[in-house]
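Below is coords.csv, which holds CSV, C-alpha atoms.
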chain,number,residue,atom,x,y,z
X,1440,MET,CA,-6.8,-74.4,30.9
X,1441,SER,CA,-8.8,-71.2,31.4
X,1442,PHE,CA,-12.1,-71.7,33.1
X,1443,GLY,CA,-14.9,-70.0,35.1
X,1444,LEU,CA,-17.3,-71.4,37.7
X,1445,LEU,CA,-20.7,-69.9,38.4
X,1446,ALA,CA,-24.2,-70.7,39.7
X,1447,ARG,CA,-27.6,-70.1,38.1
X,1448,VAL,CA,-30.7,-69.8,40.2
X,1449,TYR,CA,-34.2,-69.9,38.7
X,1450,LYS,CA,-37.8,-70.8,39.5
X,1451,ASP,CA,-39.2,-74.0,38.1
X,1452,LYS,CA,-42.9,-74.7,37.8
X,1453,GLY,CA,-42.4,-78.4,37.8
X,1454,ILE,CA,-45.2,-80.8,37.3
X,1455,LEU,CA,-47.4,-79.0,39.8
X,1456,GLY,CA,-46.9,-75.7,37.9
X,1457,ILE,CA,-50.6,-75.7,36.9
X,1458,PHE,CA,-51.5,-75.0,40.5
X,1459,GLY,CA,-49.1,-72.0,40.8
X,1460,PHE,CA,-46.5,-74.0,42.7
X,1461,LYS,CA,-42.9,-72.9,41.9
X,1462,SER,CA,-39.7,-74.1,43.4
X,1463,HIS,CA,-36.2,-72.5,43.2
X,1464,LYS,CA,-33.6,-74.5,41.4
X,1465,MET,CA,-29.8,-74.0,41.2
X,1466,ASP,CA,-27.4,-75.2,38.5
X,1467,THR,CA,-23.6,-75.2,38.8
X,1468,ILE,CA,-22.0,-74.2,35.5
X,1469,MET,CA,-18.3,-74.4,34.5
X,1470,LYS,CA,-17.1,-72.5,31.4
X,1471,VAL,CA,-13.9,-73.8,29.8
X,1472,ASP,CA,-12.1,-72.0,27.0
X,1473,LEU,CA,-11.2,-74.2,24.1
X,1474,PRO,CA,-8.1,-73.8,21.9
X,1475,GLY,CA,-10.2,-73.3,18.7
X,1476,SER,CA,-13.6,-72.2,17.5
X,1477,LEU,CA,-16.3,-74.8,16.9
X,1478,PRO,CA,-20.0,-74.7,15.7
X,1479,GLN,CA,-22.8,-75.1,18.3
X,1480,ILE,CA,-22.9,-78.7,19.7
X,1481,VAL,CA,-25.2,-79.5,22.5
X,1482,VAL,CA,-25.3,-82.7,24.6
X,1483,ASN,CA,-28.2,-83.3,26.8
X,1484,ALA,CA,-27.7,-85.8,29.6
X,1485,ARG,CA,-31.1,-87.6,30.2
X,1486,ARG,CA,-30.1,-90.0,33.0
X,1487,ASP,CA,-31.6,-88.0,35.8
X,1488,GLU,CA,-34.5,-86.3,33.9
X,1489,SER,CA,-38.0,-87.3,35.0
X,1490,LEU,CA,-39.6,-86.0,31.8
X,1491,LYS,CA,-36.6,-87.0,29.5
X,1492,ARG,CA,-36.4,-83.5,28.0
X,1493,SER,CA,-34.4,-80.6,29.5
X,1494,ASN,CA,-34.7,-76.9,29.1
X,1495,LEU,CA,-31.3,-77.1,27.3
X,1496,SER,CA,-32.7,-79.0,24.3
X,1497,ALA,CA,-36.2,-77.5,24.2
X,1498,ASP,CA,-35.3,-75.0,21.4
X,1499,PHE,CA,-33.7,-77.5,19.0
X,1500,ASP,CA,-35.5,-79.1,16.1
X,1501,ASP,CA,-35.6,-82.9,16.1
X,1502,SER,CA,-33.8,-82.9,12.8
X,1503,MET,CA,-30.7,-81.7,14.7
X,1504,LYS,CA,-30.8,-84.6,17.2
X,1505,PHE,CA,-28.5,-87.7,17.1
X,1506,ARG,CA,-27.1,-90.1,19.6
X,1507,PHE,CA,-23.6,-91.3,20.3
X,1508,GLU,CA,-22.6,-94.9,19.8
X,1509,GLY,CA,-22.2,-97.5,22.5
X,1510,VAL,CA,-24.0,-98.6,25.6
X,1511,ASN,CA,-24.0,-95.2,27.3
X,1512,GLY,CA,-25.0,-93.3,24.2
X,1513,GLU,CA,-28.7,-94.0,24.9
X,1514,HIS,CA,-28.4,-91.7,28.0
X,1515,TYR,CA,-27.5,-88.6,26.0
X,1516,ASP,CA,-29.1,-86.7,23.1
X,1517,ALA,CA,-26.7,-84.7,21.0
X,1518,TYR,CA,-27.7,-81.7,18.8
X,1519,ALA,CA,-25.9,-80.1,15.9
X,1520,ALA,CA,-26.8,-78.7,12.6
X,1521,LYS,CA,-26.6,-81.5,9.9
X,1522,THR,CA,-23.7,-79.6,8.3
X,1523,ASP,CA,-21.9,-79.7,11.7
X,1524,ARG,CA,-22.5,-83.3,12.7
X,1525,VAL,CA,-19.2,-84.6,11.3
X,1526,THR,CA,-17.4,-82.0,13.4
X,1527,ALA,CA,-19.4,-83.0,16.5
X,1528,LEU,CA,-18.4,-86.6,15.9
X,1529,GLN,CA,-14.8,-85.5,15.4
X,1530,ILE,CA,-14.9,-83.8,18.9
X,1531,PHE,CA,-16.8,-86.6,20.7
X,1532,THR,CA,-14.5,-89.5,19.8
X,1533,PRO,CA,-14.4,-92.7,21.9
X,1534,ASP,CA,-11.6,-91.3,24.0
X,1535,VAL,CA,-13.6,-88.1,24.8
X,1536,LEU,CA,-16.8,-90.1,25.4
X,1537,GLU,CA,-15.0,-92.5,27.8
X,1538,VAL,CA,-14.1,-89.5,30.1
X,1539,PHE,CA,-17.5,-87.8,29.5
X,1540,TYR,CA,-19.5,-90.9,30.4
X,1541,ASP,CA,-17.4,-91.7,33.4
X,1542,LYS,CA,-17.0,-88.2,34.9
X,1543,PHE,CA,-20.2,-86.4,33.7
X,1544,PRO,CA,-23.1,-88.9,33.8
X,1545,THR,CA,-25.7,-86.2,34.5
X,1546,THR,CA,-24.0,-83.1,33.0
X,1547,ASP,CA,-25.3,-81.2,30.0
X,1548,VAL,CA,-22.7,-79.7,27.6
X,1549,GLU,CA,-22.9,-76.8,25.2
X,1550,ILE,CA,-20.0,-76.0,22.9
X,1551,GLN,CA,-20.1,-72.8,20.8
X,1552,GLY,CA,-17.2,-70.9,19.4
X,1553,SER,CA,-14.3,-71.3,21.7
X,1554,SER,CA,-16.3,-72.0,24.9
X,1555,MET,CA,-17.5,-75.3,26.4
X,1556,TRP,CA,-20.2,-75.0,29.1
X,1557,LEU,CA,-20.6,-77.9,31.5
X,1558,ILE,CA,-24.0,-77.6,33.3
X,1559,GLU,CA,-24.7,-79.6,36.4
X,1560,ARG,CA,-28.4,-79.3,36.8
X,1561,HIS,CA,-30.0,-78.9,40.3
X,1562,THR,CA,-26.5,-79.0,41.9
X,1563,ILE,CA,-25.6,-76.5,44.6
X,1564,ARG,CA,-22.1,-75.2,44.1
X,1565,ASP,CA,-19.8,-75.9,47.1
X,1566,ASP,CA,-16.2,-76.8,47.6
X,1567,GLU,CA,-16.8,-80.5,46.9
X,1568,VAL,CA,-18.8,-79.8,43.6
X,1569,ALA,CA,-16.2,-77.3,42.5
X,1570,LYS,CA,-13.3,-79.7,43.1
X,1571,ARG,CA,-15.1,-82.5,41.3
X,1572,LEU,CA,-16.0,-80.3,38.3
X,1573,PHE,CA,-12.5,-78.9,38.1
X,1574,GLU,CA,-10.7,-82.3,38.2
X,1575,ALA,CA,-13.2,-83.9,35.8
X,1576,SER,CA,-13.1,-81.0,33.4
X,1577,SER,CA,-9.3,-81.0,33.3
X,1578,GLN,CA,-9.4,-84.6,32.1
X,1579,LEU,CA,-12.1,-83.8,29.6
X,1580,TYR,CA,-10.2,-80.7,28.4
X,1581,ASP,CA,-7.1,-82.8,27.8
X,1582,GLN,CA,-9.1,-85.1,25.5
X,1583,VAL,CA,-11.3,-82.5,23.8
X,1584,SER,CA,-8.4,-80.1,23.1
X,1585,LYS,CA,-6.7,-82.8,21.0
X,1586,GLN,CA,-9.8,-83.2,18.9
X,1587,VAL,CA,-10.4,-79.5,18.6
X,1588,SER,CA,-6.9,-79.1,17.1
X,1589,VAL,CA,-7.7,-81.8,14.5
X,1590,ALA,CA,-11.2,-80.5,13.7
X,1591,THR,CA,-10.2,-76.9,13.3
X,1592,TRP,CA,-7.2,-77.9,11.1
X,1593,ALA,CA,-9.6,-80.0,8.9
X,1594,GLN,CA,-12.0,-77.1,8.6
X,1595,ASN,CA,-9.2,-74.8,7.2

Have the structure of the file written as C-alpha cells, please.
Amino acid sequence: MSFGLLARVYKDKGILGIFGFKSHKMDTIMKVDLPGSLPQIVVNARRDESLKRSNLSADFDDSMKFRFEGVNGEHYDAYAAKTDRVTALQIFTPDVLEVFYDKFPTTDVEIQGSSMWLIERHTIRDDEVAKRLFEASSQLYDQVSKQVSVATWAQN
C-alpha cells in the first residue's frame, strides 16, 4: 500500500462568523493509492457535524446524493454522478462498509482516479492519530482493492 499523511490548516468562520470571529481548524488527511482508476465518489460522514453539511459536499448537486444501506448508512451521505453510482456501490460493498463504519465513523472519503483521500476533520495529526489512520486504512485498503479490481475489470 502506498500512502501519504498530511495536515490541512484553515480558518473557519463558524456560526459566529457574522461577527467577524474566525477560528483555526486542522484536518488530518491520508492519501492512499488504489490499484485502479475510478470515477469521483465522495462519502461525507455526518455523525459529528453540527450543521449536517460539510465543506466536502457543499459543491455537489443533490441529484448526485445517495445513502448506503443498513443501520449506519444514515450517518453518511454519498455522492457520485448517476452514471457512476453502480461503480460506487460496487466499491462500497457490505465488506467494505463494515470496515468503514467500524474504523472511520467520522471520516470523509473522496475517491478520484487512483487516489483515495481519508479526511479526519478537526483532528490534529500526532503519533496516535497517524498510527490509528494507518492501521485502519490498511484494513480498508485490503477490502477496497478487491472491489477496485472487480469494478475496473467490469468497466473494460

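Residue nearest X:Val1589 within the list X:Ser1502, X:Lys1570, X:Thr1532, X:Val1448: X:Thr1532 [criterion: smallest interatomic distance, all atoms listed in the file].
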
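Comparing X:Thr1562, X:Phe1573, X:Phe1531, X:Asp1523 by their smallest distance to X:Arg1506, the closest is X:Phe1531 (using only C-alpha atoms).
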
Selected residue, from X:Ser1554, X:Val1525, X:Ala1519, X:Ala1575, that lies nearest to X:Tyr1540 when counting all atoms listed in the file: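 Among the listed residues, the smallest separation from X:Tyr1540 belongs to X:Ala1575.
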
Test item: residues at most 8 Å from X:Pro1474, only C-alpha atoms, excluding those fewer than 5 positions along its chain, as a PyMOL selection string: chain X and resi 1553+1584+1587-1588

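Summary of the local environment: counting all atoms listed in the file, residues at most 10 Å from X:Arg1486, other than itself and those fewer than 3 positions away along its chain, are X:Asn1483, X:Ser1489, X:Lys1491, X:Asn1511, X:Glu1513, X:His1514, X:Tyr1515, X:Pro1544, X:Thr1545, X:Thr1546.
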
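With only C-alpha atoms as the atoms that count, the residue of X:Asp1500, X:Thr1526, X:Leu1445, X:Met1555 with the shortest distance to X:Gln1586 is X:Thr1526.
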
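Among the candidates X:Leu1477, X:Val1568, X:Ala1484, X:Ala1590, the residue lying nearest to X:Ile1550 is X:Leu1477 (atoms considered: only C-alpha atoms).
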
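Here atom CA of X:Gly1509 is placed at a distance of 29.0 Å from atom CA of X:Met1440.
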
Kindly indicate which residue among X:Gln1479, X:Ser1577, X:Ser1441, X:Thr1467 lies nearest to X:Val1538, using all atoms listed in the file for the distances.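 Residue with the minimum atom-to-atom distance to X:Val1538: X:Ser1577.
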
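We find atom CA of X:Lys1542 and atom CA of X:Ser1476 to be spaced 23.9 Å apart.
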
Atom CA of X:Tyr1518 and atom CA of X:Val1471, how far apart in Å? 19.3 Å
